[in-house]
Structures are given as structure tokens and as C-alpha cells.
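Student: This is structure33.pdb (PDB, C-alpha atoms and all ligand atoms).
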ATOM      1  CA  MET A   8      48.651  11.751 -15.220  1.00  0.00           C
ATOM      2  CA  GLU A   9      50.630  12.720 -18.294  1.00  0.00           C
ATOM      3  CA  VAL A  10      53.592  14.364 -16.557  1.00  0.00           C
ATOM      4  CA  TRP A  11      55.944  11.352 -16.581  1.00  0.00           C
ATOM      5  CA  ALA A  12      55.546  11.115 -20.332  1.00  0.00           C
ATOM      6  CA  ILE A  13      56.237  14.821 -20.848  1.00  0.00           C
ATOM      7  CA  GLN A  14      59.427  14.554 -18.790  1.00  0.00           C
ATOM      8  CA  ARG A  15      60.616  11.545 -20.779  1.00  0.00           C
ATOM      9  CA  HIS A  16      59.711  13.292 -24.011  1.00  0.00           C
ATOM     10  CA  ARG A  17      61.942  16.281 -23.180  1.00  0.00           C
ATOM     11  CA  VAL A  18      64.897  13.952 -22.675  1.00  0.00           C
ATOM     12  CA  ILE A  19      64.299  12.190 -26.001  1.00  0.00           C
ATOM     13  CA  ARG A  20      63.919  15.531 -27.740  1.00  0.00           C
ATOM     14  CA  ARG A  21      67.287  16.791 -26.558  1.00  0.00           C
ATOM     15  CA  LYS A  22      69.013  13.576 -27.592  1.00  0.00           C
ATOM     16  CA  ASN A  23      67.380  13.173 -30.990  1.00  0.00           C
ATOM     17  CA  LEU A  24      67.189  16.234 -33.202  1.00  0.00           C
ATOM     18  CA  SER A  25      65.347  14.399 -35.954  1.00  0.00           C
ATOM     19  CA  TYR A  26      62.458  13.876 -33.559  1.00  0.00           C
ATOM     20  CA  CYS A  27      59.276  13.512 -35.565  1.00  0.00           C
ATOM     21  CA  THR A  28      57.325  16.342 -33.928  1.00  0.00           C
ATOM     22  CA  MET A  29      59.949  18.703 -35.362  1.00  0.00           C
ATOM     23  CA  THR A  30      58.611  18.025 -38.865  1.00  0.00           C
ATOM     24  CA  THR A  31      56.543  20.735 -40.527  1.00  0.00           C
ATOM     25  CA  LEU A  32      52.770  20.834 -40.885  1.00  0.00           C
ATOM     26  CA  ALA A  33      53.035  20.091 -44.618  1.00  0.00           C
ATOM     27  CA  GLU A  34      55.286  17.077 -43.972  1.00  0.00           C
ATOM     28  CA  THR A  35      52.928  15.656 -41.330  1.00  0.00           C
ATOM     29  CA  LYS A  36      49.958  16.031 -43.697  1.00  0.00           C
ATOM     30  CA  GLU A  37      51.909  14.294 -46.443  1.00  0.00           C
ATOM     31  CA  VAL A  38      52.800  11.401 -44.101  1.00  0.00           C
ATOM     32  CA  PHE A  39      49.119  11.086 -43.090  1.00  0.00           C
ATOM     33  CA  ARG A  40      48.009  10.923 -46.743  1.00  0.00           C
ATOM     34  CA  ARG A  41      50.381   8.065 -47.513  1.00  0.00           C
ATOM     35  CA  ALA A  42      50.059   6.136 -44.192  1.00  0.00           C
ATOM     36  CA  ASP A  43      49.530   2.396 -44.380  1.00  0.00           C
ATOM     37  CA  ALA A  44      48.390   2.246 -40.742  1.00  0.00           C
ATOM     38  CA  VAL A  45      46.701   4.770 -38.458  1.00  0.00           C
ATOM     39  CA  CYS A  46      46.680   4.233 -34.679  1.00  0.00           C
ATOM     40  CA  PHE A  47      44.227   6.061 -32.461  1.00  0.00           C
ATOM     41  CA  ASP A  48      44.342   6.691 -28.746  1.00  0.00           C
ATOM     42  CA  VAL A  49      40.895   6.034 -27.267  1.00  0.00           C
ATOM     43  CA  ASP A  50      40.149   8.087 -24.101  1.00  0.00           C
ATOM     44  CA  SER A  51      39.382  11.736 -24.984  1.00  0.00           C
ATOM     45  CA  THR A  52      40.230  10.969 -28.630  1.00  0.00           C
ATOM     46  CA  VAL A  53      38.010   8.287 -30.194  1.00  0.00           C
ATOM     47  CA  ILE A  54      35.574   8.641 -27.274  1.00  0.00           C
ATOM     48  CA  LYS A  55      34.628  11.850 -25.495  1.00  0.00           C
ATOM     49  CA  GLU A  56      35.459  10.715 -21.972  1.00  0.00           C
ATOM     50  CA  GLU A  57      38.249   9.066 -19.926  1.00  0.00           C
ATOM     51  CA  GLY A  58      37.238   5.438 -19.360  1.00  0.00           C
ATOM     52  CA  ILE A  59      38.886   5.129 -15.936  1.00  0.00           C
ATOM     53  CA  ASP A  60      37.122   8.279 -14.649  1.00  0.00           C
ATOM     54  CA  GLU A  61      33.754   6.979 -15.868  1.00  0.00           C
ATOM     55  CA  LEU A  62      34.411   3.635 -14.195  1.00  0.00           C
ATOM     56  CA  ALA A  63      35.415   5.361 -10.945  1.00  0.00           C
ATOM     57  CA  LYS A  64      32.294   7.559 -10.973  1.00  0.00           C
ATOM     58  CA  PHE A  65      30.117   4.535 -11.681  1.00  0.00           C
ATOM     59  CA  CYS A  66      31.660   2.676  -8.732  1.00  0.00           C
ATOM     60  CA  GLY A  67      31.087   5.709  -6.453  1.00  0.00           C
ATOM     61  CA  VAL A  68      34.760   6.688  -6.029  1.00  0.00           C
ATOM     62  CA  GLY A  69      35.059   9.420  -8.667  1.00  0.00           C
ATOM     63  CA  ASP A  70      36.416  12.078  -6.279  1.00  0.00           C
ATOM     64  CA  ALA A  71      39.012   9.798  -4.657  1.00  0.00           C
ATOM     65  CA  VAL A  72      40.341   8.695  -8.044  1.00  0.00           C
ATOM     66  CA  ARG A  73      40.471  12.282  -9.330  1.00  0.00           C
ATOM     67  CA  GLU A  74      42.515  13.191  -6.244  1.00  0.00           C
ATOM     68  CA  MET A  75      44.879  10.285  -6.904  1.00  0.00           C
ATOM     69  CA  THR A  76      45.273  11.400 -10.536  1.00  0.00           C
ATOM     70  CA  CYS A  77      46.295  14.899  -9.349  1.00  0.00           C
ATOM     71  CA  LYS A  78      48.789  13.398  -6.916  1.00  0.00           C
ATOM     72  CA  ALA A  79      50.279  11.247  -9.684  1.00  0.00           C
ATOM     73  CA  MET A  80      50.634  14.292 -11.934  1.00  0.00           C
ATOM     74  CA  GLY A  81      52.554  16.219  -9.302  1.00  0.00           C
ATOM     75  CA  GLY A  82      55.098  13.494  -8.587  1.00  0.00           C
ATOM     76  CA  SER A  83      57.313  11.110 -10.466  1.00  0.00           C
ATOM     77  CA  MET A  84      54.940   8.142 -10.396  1.00  0.00           C
ATOM     78  CA  THR A  85      55.227   5.680 -13.301  1.00  0.00           C
ATOM     79  CA  PHE A  86      52.203   4.937 -15.470  1.00  0.00           C
ATOM     80  CA  LYS A  87      51.911   1.429 -13.997  1.00  0.00           C
ATOM     81  CA  LYS A  88      52.079   2.671 -10.408  1.00  0.00           C
ATOM     82  CA  ALA A  89      49.423   5.315 -11.080  1.00  0.00           C
ATOM     83  CA  LEU A  90      47.180   2.692 -12.702  1.00  0.00           C
ATOM     84  CA  THR A  91      47.698   0.276  -9.787  1.00  0.00           C
ATOM     85  CA  GLU A  92      46.889   2.969  -7.215  1.00  0.00           C
ATOM     86  CA  ARG A  93      43.716   4.110  -8.951  1.00  0.00           C
ATOM     87  CA  LEU A  94      42.437   0.596  -9.610  1.00  0.00           C
ATOM     88  CA  SER A  95      43.032  -0.314  -5.982  1.00  0.00           C
ATOM     89  CA  ILE A  96      40.574   2.462  -5.092  1.00  0.00           C
ATOM     90  CA  ILE A  97      38.026   1.485  -7.765  1.00  0.00           C
ATOM     91  CA  ARG A  98      38.200  -2.320  -7.275  1.00  0.00           C
ATOM     92  CA  CYS A  99      35.411  -2.793  -9.828  1.00  0.00           C
ATOM     93  CA  SER A 100      33.705  -6.161 -10.193  1.00  0.00           C
ATOM     94  CA  ARG A 101      33.079  -7.792 -13.568  1.00  0.00           C
ATOM     95  CA  GLU A 102      29.397  -7.072 -13.087  1.00  0.00           C
ATOM     96  CA  GLN A 103      30.034  -3.339 -12.499  1.00  0.00           C
ATOM     97  CA  VAL A 104      32.123  -3.090 -15.685  1.00  0.00           C
ATOM     98  CA  ASN A 105      29.423  -4.844 -17.719  1.00  0.00           C
ATOM     99  CA  LYS A 106      26.743  -2.622 -16.218  1.00  0.00           C
ATOM    100  CA  LEU A 107      28.783   0.512 -16.983  1.00  0.00           C
ATOM    101  CA  ILE A 108      29.022  -0.501 -20.662  1.00  0.00           C
ATOM    102  CA  THR A 109      25.276  -1.235 -20.819  1.00  0.00           C
ATOM    103  CA  ASP A 110      24.039   1.777 -18.829  1.00  0.00           C
ATOM    104  CA  HIS A 111      26.661   4.364 -19.898  1.00  0.00           C
ATOM    105  CA  PRO A 112      28.219   3.168 -23.164  1.00  0.00           C
ATOM    106  CA  PRO A 113      31.302   5.137 -24.261  1.00  0.00           C
ATOM    107  CA  GLN A 114      30.336   8.175 -26.377  1.00  0.00           C
ATOM    108  CA  LEU A 115      32.026   8.293 -29.774  1.00  0.00           C
ATOM    109  CA  THR A 116      33.592  11.627 -30.742  1.00  0.00           C
ATOM    110  CA  PRO A 117      31.739  13.194 -33.698  1.00  0.00           C
ATOM    111  CA  GLY A 118      33.344  12.375 -37.048  1.00  0.00           C
ATOM    112  CA  ILE A 119      35.339   9.321 -35.890  1.00  0.00           C
ATOM    113  CA  ARG A 120      32.902   6.867 -37.467  1.00  0.00           C
ATOM    114  CA  GLU A 121      33.198   8.579 -40.877  1.00  0.00           C
ATOM    115  CA  LEU A 122      36.989   8.878 -40.603  1.00  0.00           C
ATOM    116  CA  VAL A 123      37.531   5.201 -39.736  1.00  0.00           C
ATOM    117  CA  GLU A 124      35.115   4.174 -42.491  1.00  0.00           C
ATOM    118  CA  ARG A 125      37.049   6.259 -45.049  1.00  0.00           C
ATOM    119  CA  LEU A 126      40.405   4.837 -43.881  1.00  0.00           C
ATOM    120  CA  HIS A 127      39.037   1.304 -44.187  1.00  0.00           C
ATOM    121  CA  GLN A 128      37.707   2.067 -47.683  1.00  0.00           C
ATOM    122  CA  ARG A 129      41.227   3.090 -48.658  1.00  0.00           C
ATOM    123  CA  ASN A 130      42.584  -0.150 -47.193  1.00  0.00           C
ATOM    124  CA  ILE A 131      44.501   1.707 -44.480  1.00  0.00           C
ATOM    125  CA  LYS A 132      44.727  -0.436 -41.348  1.00  0.00           C
ATOM    126  CA  VAL A 133      43.250   1.103 -38.204  1.00  0.00           C
ATOM    127  CA  PHE A 134      44.371   0.251 -34.648  1.00  0.00           C
ATOM    128  CA  LEU A 135      43.221   1.361 -31.201  1.00  0.00           C
ATOM    129  CA  ILE A 136      46.054   1.710 -28.656  1.00  0.00           C
ATOM    130  CA  SER A 137      44.822   2.594 -25.182  1.00  0.00           C
ATOM    131  CA  GLY A 138      46.062   2.824 -21.617  1.00  0.00           C
ATOM    132  CA  GLY A 139      42.414   2.123 -20.717  1.00  0.00           C
ATOM    133  CA  PHE A 140      40.669  -1.213 -20.424  1.00  0.00           C
ATOM    134  CA  ARG A 141      40.199  -3.807 -23.121  1.00  0.00           C
ATOM    135  CA  CYS A 142      36.607  -4.668 -22.131  1.00  0.00           C
ATOM    136  CA  ILE A 143      35.574  -1.039 -22.766  1.00  0.00           C
ATOM    137  CA  VAL A 144      37.817  -0.469 -25.809  1.00  0.00           C
ATOM    138  CA  GLU A 145      36.523  -3.640 -27.514  1.00  0.00           C
ATOM    139  CA  HIS A 146      33.024  -2.197 -27.285  1.00  0.00           C
ATOM    140  CA  VAL A 147      34.295   0.937 -29.070  1.00  0.00           C
ATOM    141  CA  ALA A 148      36.136  -1.131 -31.717  1.00  0.00           C
ATOM    142  CA  THR A 149      32.974  -3.111 -32.514  1.00  0.00           C
ATOM    143  CA  GLN A 150      31.019   0.082 -33.140  1.00  0.00           C
ATOM    144  CA  LEU A 151      33.717   1.236 -35.572  1.00  0.00           C
ATOM    145  CA  SER A 152      34.112  -2.159 -37.339  1.00  0.00           C
ATOM    146  CA  ILE A 153      37.728  -2.352 -36.149  1.00  0.00           C
ATOM    147  CA  PRO A 154      38.787  -6.001 -35.726  1.00  0.00           C
ATOM    148  CA  LEU A 155      39.384  -6.948 -32.079  1.00  0.00           C
ATOM    149  CA  HIS A 156      42.920  -8.147 -32.868  1.00  0.00           C
ATOM    150  CA  HIS A 157      43.654  -4.496 -33.769  1.00  0.00           C
ATOM    151  CA  VAL A 158      42.962  -3.478 -30.143  1.00  0.00           C
ATOM    152  CA  TYR A 159      45.847  -2.968 -27.682  1.00  0.00           C
ATOM    153  CA  ALA A 160      44.769  -2.071 -24.145  1.00  0.00           C
ATOM    154  CA  ASN A 161      45.040  -3.143 -20.513  1.00  0.00           C
ATOM    155  CA  ARG A 162      43.231  -6.195 -19.226  1.00  0.00           C
ATOM    156  CA  LEU A 163      41.341  -6.174 -15.943  1.00  0.00           C
ATOM    157  CA  LYS A 164      41.442  -9.451 -14.036  1.00  0.00           C
ATOM    158  CA  PHE A 165      38.608 -10.935 -11.989  1.00  0.00           C
ATOM    159  CA  TYR A 166      38.269 -13.871  -9.610  1.00  0.00           C
ATOM    160  CA  PHE A 167      35.774 -16.632 -10.412  1.00  0.00           C
ATOM    161  CA  ASN A 168      33.116 -14.868  -8.349  1.00  0.00           C
ATOM    162  CA  GLY A 169      33.589 -11.707 -10.445  1.00  0.00           C
ATOM    163  CA  GLU A 170      35.491  -9.684  -7.825  1.00  0.00           C
ATOM    164  CA  TYR A 171      38.392  -7.453  -8.860  1.00  0.00           C
ATOM    165  CA  ALA A 172      41.699  -9.350  -8.993  1.00  0.00           C
ATOM    166  CA  GLY A 173      44.106  -6.752 -10.443  1.00  0.00           C
ATOM    167  CA  PHE A 174      45.210  -6.152 -14.016  1.00  0.00           C
ATOM    168  CA  ASP A 175      47.525  -7.883 -16.463  1.00  0.00           C
ATOM    169  CA  GLU A 176      50.863  -6.168 -15.774  1.00  0.00           C
ATOM    170  CA  THR A 177      52.542  -7.824 -18.772  1.00  0.00           C
ATOM    171  CA  GLN A 178      50.627  -5.802 -21.387  1.00  0.00           C
ATOM    172  CA  PRO A 179      52.898  -3.178 -23.036  1.00  0.00           C
ATOM    173  CA  THR A 180      50.170  -0.558 -22.503  1.00  0.00           C
ATOM    174  CA  ALA A 181      50.546  -0.985 -18.705  1.00  0.00           C
ATOM    175  CA  GLU A 182      53.988   0.697 -18.829  1.00  0.00           C
ATOM    176  CA  SER A 183      55.253   4.204 -19.527  1.00  0.00           C
ATOM    177  CA  GLY A 184      56.287   4.237 -23.211  1.00  0.00           C
ATOM    178  CA  GLY A 185      53.985   1.290 -23.953  1.00  0.00           C
ATOM    179  CA  LYS A 186      52.213   2.834 -26.927  1.00  0.00           C
ATOM    180  CA  GLY A 187      55.528   3.257 -28.736  1.00  0.00           C
ATOM    181  CA  ARG A 188      56.386  -0.383 -28.065  1.00  0.00           C
ATOM    182  CA  VAL A 189      53.067  -1.474 -29.584  1.00  0.00           C
ATOM    183  CA  ILE A 190      53.797   0.606 -32.720  1.00  0.00           C
ATOM    184  CA  SER A 191      57.289  -0.920 -33.079  1.00  0.00           C
ATOM    185  CA  MET A 192      55.739  -4.364 -32.783  1.00  0.00           C
ATOM    186  CA  LEU A 193      53.068  -3.526 -35.399  1.00  0.00           C
ATOM    187  CA  ARG A 194      55.763  -2.311 -37.819  1.00  0.00           C
ATOM    188  CA  GLU A 195      57.694  -5.528 -37.375  1.00  0.00           C
ATOM    189  CA  ARG A 196      54.706  -7.839 -37.524  1.00  0.00           C
ATOM    190  CA  HIS A 197      52.915  -6.236 -40.495  1.00  0.00           C
ATOM    191  CA  GLY A 198      55.816  -4.553 -42.298  1.00  0.00           C
ATOM    192  CA  PHE A 199      54.140  -1.111 -42.200  1.00  0.00           C
ATOM    193  CA  LYS A 200      56.310   1.640 -43.668  1.00  0.00           C
ATOM    194  CA  THR A 201      54.289   4.630 -42.509  1.00  0.00           C
ATOM    195  CA  VAL A 202      52.393   4.612 -39.223  1.00  0.00           C
ATOM    196  CA  VAL A 203      50.551   7.662 -37.877  1.00  0.00           C
ATOM    197  CA  MET A 204      49.576   8.070 -34.208  1.00  0.00           C
ATOM    198  CA  ILE A 205      46.619  10.308 -33.308  1.00  0.00           C
ATOM    199  CA  GLY A 206      45.780  11.273 -29.733  1.00  0.00           C
ATOM    200  CA  ASP A 207      45.189  13.944 -27.112  1.00  0.00           C
ATOM    201  CA  GLY A 208      47.831  13.003 -24.556  1.00  0.00           C
ATOM    202  CA  ALA A 209      51.548  13.028 -23.861  1.00  0.00           C
ATOM    203  CA  THR A 210      51.714   9.226 -23.973  1.00  0.00           C
ATOM    204  CA  ASP A 211      50.469   9.455 -27.586  1.00  0.00           C
ATOM    205  CA  LEU A 212      52.996  12.129 -28.536  1.00  0.00           C
ATOM    206  CA  GLU A 213      55.691  10.029 -26.921  1.00  0.00           C
ATOM    207  CA  ALA A 214      54.907   7.140 -29.352  1.00  0.00           C
ATOM    208  CA  CYS A 215      56.499   9.173 -32.177  1.00  0.00           C
ATOM    209  CA  PRO A 216      59.049   7.827 -32.961  1.00  0.00           C
ATOM    210  CA  PRO A 217      58.590   4.907 -33.604  1.00  0.00           C
ATOM    211  CA  ALA A 218      55.422   6.320 -35.263  1.00  0.00           C
ATOM    212  CA  SER A 219      56.270   8.163 -38.480  1.00  0.00           C
ATOM    213  CA  ALA A 220      54.115  11.145 -37.501  1.00  0.00           C
ATOM    214  CA  PHE A 221      51.900  12.356 -34.666  1.00  0.00           C
ATOM    215  CA  ILE A 222      48.677  14.311 -34.993  1.00  0.00           C
ATOM    216  CA  GLY A 223      47.463  16.026 -31.824  1.00  0.00           C
ATOM    217  CA  PHE A 224      43.706  15.869 -31.212  1.00  0.00           C
ATOM    218  CA  GLY A 225      42.040  18.568 -29.117  1.00  0.00           C
ATOM    219  CA  GLY A 226      38.372  17.947 -29.933  1.00  0.00           C
ATOM    220  CA  ASN A 227      37.511  16.814 -26.399  1.00  0.00           C
ATOM    221  CA  VAL A 228      40.240  18.259 -24.197  1.00  0.00           C
ATOM    222  CA  VAL A 229      43.174  20.521 -25.064  1.00  0.00           C
ATOM    223  CA  ARG A 230      46.444  19.654 -23.301  1.00  0.00           C
ATOM    224  CA  PRO A 231      48.699  22.692 -23.823  1.00  0.00           C
ATOM    225  CA  GLN A 232      52.011  20.764 -23.728  1.00  0.00           C
ATOM    226  CA  VAL A 233      50.761  18.405 -26.438  1.00  0.00           C
ATOM    227  CA  LYS A 234      49.349  21.225 -28.561  1.00  0.00           C
ATOM    228  CA  GLU A 235      52.612  23.131 -28.354  1.00  0.00           C
ATOM    229  CA  ARG A 236      54.662  20.127 -29.522  1.00  0.00           C
ATOM    230  CA  SER A 237      52.373  18.943 -32.319  1.00  0.00           C
ATOM    231  CA  SER A 238      53.289  19.983 -35.849  1.00  0.00           C
ATOM    232  CA  TRP A 239      49.664  19.251 -36.782  1.00  0.00           C
ATOM    233  CA  TYR A 240      47.015  19.831 -34.118  1.00  0.00           C
ATOM    234  CA  VAL A 241      43.327  19.377 -34.993  1.00  0.00           C
ATOM    235  CA  THR A 242      40.151  19.913 -32.981  1.00  0.00           C
ATOM    236  CA  SER A 243      37.866  17.958 -35.287  1.00  0.00           C
ATOM    237  CA  PHE A 244      38.139  14.728 -37.278  1.00  0.00           C
ATOM    238  CA  GLU A 245      36.630  16.657 -40.215  1.00  0.00           C
ATOM    239  CA  GLU A 246      40.054  18.214 -40.766  1.00  0.00           C
ATOM    240  CA  LEU A 247      41.579  14.755 -41.243  1.00  0.00           C
ATOM    241  CA  LEU A 248      38.744  13.658 -43.540  1.00  0.00           C
ATOM    242  CA  ARG A 249      39.280  16.756 -45.697  1.00  0.00           C
ATOM    243  CA  GLU A 250      42.970  15.922 -45.972  1.00  0.00           C
ATOM    244  CA  LEU A 251      42.161  12.399 -47.210  1.00  0.00           C
ATOM    245  CA  GLU A 252      39.982  13.901 -49.947  1.00  0.00           C
ATOM    246  CA  LYS A 253      43.149  15.385 -51.469  1.00  0.00           C
ATOM    247  CA  ILE A 254      44.530  11.953 -52.341  1.00  0.00           C
TER     248      ILE A 254
HETATM  249 MG    MG B 301      43.680  10.028 -24.436  1.00  0.00          MG
END
What do you get writing this file as C-alpha cells?
Tutor:
Amino acid sequence: MEVWAIQRHRVIRRKNLSYCTMTTLAETKEVFRRADAVCFDVDSTVIKEEGIDELAKFCGVGDAVREMTCKAMGGSMTFKKALTERLSIIRCSREQVNKLITDHPPQLTPGIRELVERLHQRNIKVFLISGGFRCIVEHVATQLSIPLHHVYANRLKFYFNGEYAGFDETQPTAESGGKGRVISMLRERHGFKTVVMIGDGATDLEACPPASAFIGFGGNVVRPQVKERSSWYVTSFEELLRELEKI
């Protein structure tokens, strides 16, 4: 599912030699310590699982969706097309989504609660930017005391009777490169000078630039291409907490 982003990333890297993942470990740590905003990916970063896989399993189509994900990874499918294809298999109702959140609430990654709390104490703004679904990500934000207007994610649509009606294709997070567009918008809207993106996937890495720095997170799943390109790669949020203690 991350292949299209990796391919795009390679192109950007060749064109732009000042690409932010070419900074050193010490520079990335320094940028993190003076960040005025920190953006987190959600699936396999802030939470242990992939929201869309959990939703598919819950709706009884886990295997079919996993197969579709593999197919998308092998081809040149855009993010939006891959999302459309998988949702057309899942076709979840509003009731199923609500029941998933009640029966199988997203599991927070150890240490994230403490890290977000510490960032908030230091008046650093925290955002969640996800290719997953707003209804699930909002639940995560509430647990972490992140305001809901700091959540950027895709919106599922339902008919009046609660049946699946598609998703909002106008959200930036529905497109390849969407996370970067959200960060550019945040910089413009809030005047942030230093924005750090943290995530496990290629779409997170790809958001830098416009993010000032990227920190790869491998605490739930290690994606070798992301690890290889991250100047700072951590497997626990403790490492980030320890870095904040140095301020
Ligand atoms: Mg992720």
C-alpha cells in the first residue's frame, strides 16, 4: 500500500538534494526539541493496528481486503484508488463502525499518552494526520486530549438508513501526497516555523518536506524502506520523551 509513495519519494529525492531526510541524526533531534508543532500518523504509530484492516476483519472481509492491499502494492495504483477499491469490498454501515469502536476500541501504542501529555505541557501543538477514518481517529484524539480540530483524516459517508455511501474524496488525506498538503496548510494557517512528522509509513516520510523533519517509528511494524531513509528511527516513544528532557 505504500509503494506509490516510495516511488514518488525517489523522484523528489533526486530532484532536491536538500531533502530533509538527508539531515543528520543530531540535526533531526535538534529540530524535534525546538518544534512548535508535532504531527503524528495514526495507524501503526499512535495506535498498534491498521484501522482499515480492523474494520475489514470486523465486517468479515479481512482476507479479501488484505489481498486487495497486496495487489495495490504490486501495481501503480494511487492512494485514492486503493482506498476506493478496499472500501467497496468492506461497505461498512454506520452501525458496524460504531460497534467496532465500542467492541474493539483502537489500542494506543505504549508511551504515546505520556509523550502527547509532555508536548502539551510544553505548549507544543499536536496534530493527528491519518489516511484512515475520522470516526475512528476522533476516538483516539479524545483519549489523548487532542482537540478534534487538530484531526485530519478521511470521512466515511452514509445514507440516511446508515448504509455505506462512499467517502469524502475532497479531503487532502484521500490523495497521494495528502499528508504533506495538510502540513503546508497548517504552516500557513498557524504560522508554525518548525513542524515535525512522526510515522511508520512511506506516506509519512513523503510529508517531509514540507515538514521540517521526519522521525520514523518502528514500534509496531518496521518498514525497511522507511527505516533506511530516516535520519532518526525509533522503536519506542520513550526515546522521544528522553530527548524532550534535554530541553
Ligand atoms: Mg501508519
Student: Can you list, as an MDAnalysis selection string, the residues that the PyMOL selection byres (((not hetatm)) within 7 of (chain B and resi 301)) selects here?
Tutor: chainID A and resid 48:52 206:208
Student: Measuring between all atoms listed in the file, which one of A:Val68, A:Leu135, A:Ala148, A:Leu163 shows the shortest distance to Val104 of chain A?
Tutor: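 Looking at the shortest contact to Val104 of chain A, the residue is A:Leu163.
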Student: Here's the selection I'm unsure about, the PyMOL selection byres (((chain A and resi 73) around 12) and not hetatm); applied to the file above, which residues does it give, as a VMD selection string?
Tutor: chain A and resid 8 57 59 to 64 67 to 72 74 to 80 89 92 to 94 96 to 97
Student: Return the single residue from A:Phe86, A:Phe174, A:Tyr159, A:Phe39 that is closest to Glu246 of chain A, with distances computed using all atoms listed in the file.
Tutor: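 Of A:Phe86, A:Phe174, A:Tyr159, A:Phe39, the one nearest Glu246 of chain A, counting all atoms listed in the file, is A:Phe39.
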Student: Which residues come within 12 Å of Pro231 of chain A, counting all atoms listed in the file, excluding same-chain residues fewer than 3 positions away, as a list in words?
Tutor: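 Returned residues: Glu9, Ile13, Asp207, Gly208, Ala209, Gly223, Phe224, Gly225, Val228, Lys234, Glu235, Arg236, Ser237 and Tyr240 of chain A.
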Student: Which distance in Å separates atom CA of Pro216 of chain A and atom CA of Gln232 of chain A, to one decimal?
Tutor: 17.4 Å
Student: In Å, with one decimal, what is the gap from atom CA of Val203 of chain A to atom CA of Ile143 of chain A?
Tutor: 23.0 Å
Student: Which residues fall under the PyMOL selection byres (((chain A and resi 111) around 12) and not hetatm) in this file, as a list in words?
Tutor: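 With the shown file as input, the PyMOL selection byres (((chain A and resi 111) around 12) and not hetatm) matches Glu56, Gly58, Glu61, Leu62, Lys64, Phe65, Gln103, Val104, Asn105, Lys106, Leu107, Ile108, Thr109, Asp110, Pro112, Pro113, Gln114, Leu115, Ile143 and His146 of chain A.
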Student: I'd like to know which of A:Ser137, A:Ser95, A:Ser152, A:Thr201 is closest to Pro179 of chain A, using all atoms listed in the file.
Tutor: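 Looking at the shortest contact to Pro179 of chain A, the residue is A:Ser137.
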